[in-house]
Amino acid sequence: MDPALEKIFRHPIMVRYSMQSGAPELADTIDFSTLEVLGPELVGDDLARRFPEMLWIARTRHTGAQVVFLLYLQAENDPMMPVWVAMDSRQAVLELRRRMRPPPDLATLDVVPIVLYHGAERWTAPRSLDELFSRDEAGDPLDTGRKRKST
């Protein structure tokens, strides 16, 4: 990760700004004064280690529910990004359930991944698992505008 970007996005104001820009309706419910940094390492069931750039947690204003933010700074298109985000989101929830006493109630826990792309080219990789695995009626991947290898 670019050290300058890392320094900028380690500041709580940037987390707040990113949320207000990307999901304003959700940002309005968050008490950003409760924002805490979580450890940057996630260890999977298979002991594989993953490192989203930043992990944050905050409470909501009225209900006290918790929101986990996974922040990624991407300089390149990564067609597997939806998979990494899904895996990290799952692992973040498991980590919180292990670390916190009492463990967070899953019904009141939201995980919000934020991928900030700063590459030179337009982002062409899938933005979601649905898009990654989209198929037409014949079972072929739908053309979502990203380049594919021809066979």
# chains A, B, ... in the order shown; residues from 1 in each chain; ligands from 1

$ residues_around --residues "Ile13 of chain A" --least-positions-apart "5" --cutoff "10 Å" --atoms "only C-alpha atoms" --output "list of chain:residue names"
A:Ile8, A:Ser18, A:Met19, A:Phe32, A:Leu35

$ residues_around --residues "Val93 of chain A" --least-positions-apart "6" --cutoff "9 Å" --atoms "only C-alpha atoms" --output "list in words"
Val68, Pro104, Leu106, Leu109 and Val111 of chain A

$ atom_distance --atom1 "atom CA of Ala125 of chain A" --atom2 "atom CA of Leu38 of chain A"
27.8 Å

$ closest_residue --among "A:Leu55, A:Leu71, A:Val83, A:Ala92" --to "Asp130 of chain A" --atoms "only C-alpha atoms"
A:Val83

$ closest_residue --among "A:Ala107, A:Met87, A:Ala58, A:Met80" --to "Leu132 of chain A" --atoms "only C-alpha atoms"
A:Met80

$ residues_around --residues "Val85 of chain A" --least-positions-apart "4" --cutoff "9 Å" --atoms "only C-alpha atoms" --output "MDAnalysis selection string"
chainID A and resid 52 70 72 80:81 89:90 113 115 128

$ select_by_dssp --residues "segment 2-143 of chain A" --states "strand (DSSP E)" --output "VMD selection string"
chain A and resid 30 to 38 42 to 43 49 to 50 54 to 60 66 to 74 109 to 117

$ write_last_selection --atoms "C-alpha atoms" --output "tab-separated table (two decimals), in the first residue's frame"
chain	number	residue	atom	x	y	z
A	30	ILE	CA	-23.31	5.68	13.11
A	31	ASP	CA	-21.84	7.24	16.24
A	32	PHE	CA	-18.37	7.98	14.89
A	33	SER	CA	-17.17	8.97	18.38
A	34	THR	CA	-17.18	5.23	19.18
A	35	LEU	CA	-14.93	4.38	16.22
A	36	GLU	CA	-12.11	2.01	17.21
A	37	VAL	CA	-9.32	0.45	15.18
A	38	LEU	CA	-9.28	-3.35	15.21
A	42	LEU	CA	-7.52	-11.92	10.15
A	43	VAL	CA	-6.68	-15.60	10.63
A	49	ARG	CA	-3.67	-14.91	7.27
A	50	ARG	CA	-5.40	-12.02	5.47
A	54	MET	CA	-7.79	-1.33	7.92
A	55	LEU	CA	-10.47	-2.70	10.22
A	56	TRP	CA	-12.67	-0.41	12.27
A	57	ILE	CA	-15.69	-0.90	14.52
A	58	ALA	CA	-18.30	1.61	15.71
A	59	ARG	CA	-21.72	1.61	17.36
A	60	THR	CA	-24.90	3.03	15.92
A	66	GLN	CA	-22.15	-2.52	15.88
A	67	VAL	CA	-20.74	-1.80	12.44
A	68	VAL	CA	-17.41	-3.21	11.24
A	69	PHE	CA	-15.64	-1.42	8.39
A	70	LEU	CA	-13.13	-3.25	6.21
A	71	LEU	CA	-11.17	-0.72	4.22
A	72	TYR	CA	-9.21	-1.72	1.11
A	73	LEU	CA	-7.02	0.58	-0.97
A	74	GLN	CA	-6.68	-0.93	-4.45
A	109	LEU	CA	-23.79	-6.55	13.58
A	110	ASP	CA	-23.21	-5.09	10.12
A	111	VAL	CA	-20.05	-5.51	8.06
A	112	VAL	CA	-19.36	-2.74	5.56
A	113	PRO	CA	-16.52	-3.30	3.09
A	114	ILE	CA	-15.13	-0.15	1.49
A	115	VAL	CA	-12.90	-0.60	-1.56
A	116	LEU	CA	-11.18	2.61	-2.62
A	117	TYR	CA	-9.70	2.20	-6.06

$ residues_around --residues "segment 26-29 of chain A" --least-positions-apart "3" --cutoff "8 Å" --atoms "only C-alpha atoms" --output "JSON, numbers by chain"
{"A": [16, 19, 20, 23, 60, 61, 62]}

$ atom_distance --atom1 "atom CA of Glu76 of chain A" --atom2 "atom CA of His118 of chain A"
7.7 Å

$ closest_residue --among "A:Asp105, A:Glu25, A:Glu131, A:Glu6" --to "Ala65 of chain A" --atoms "only C-alpha atoms"
A:Asp105

$ atom_distance --atom1 "atom CA of Asn77 of chain A" --atom2 "atom CA of Ala4 of chain A"
20.1 Å
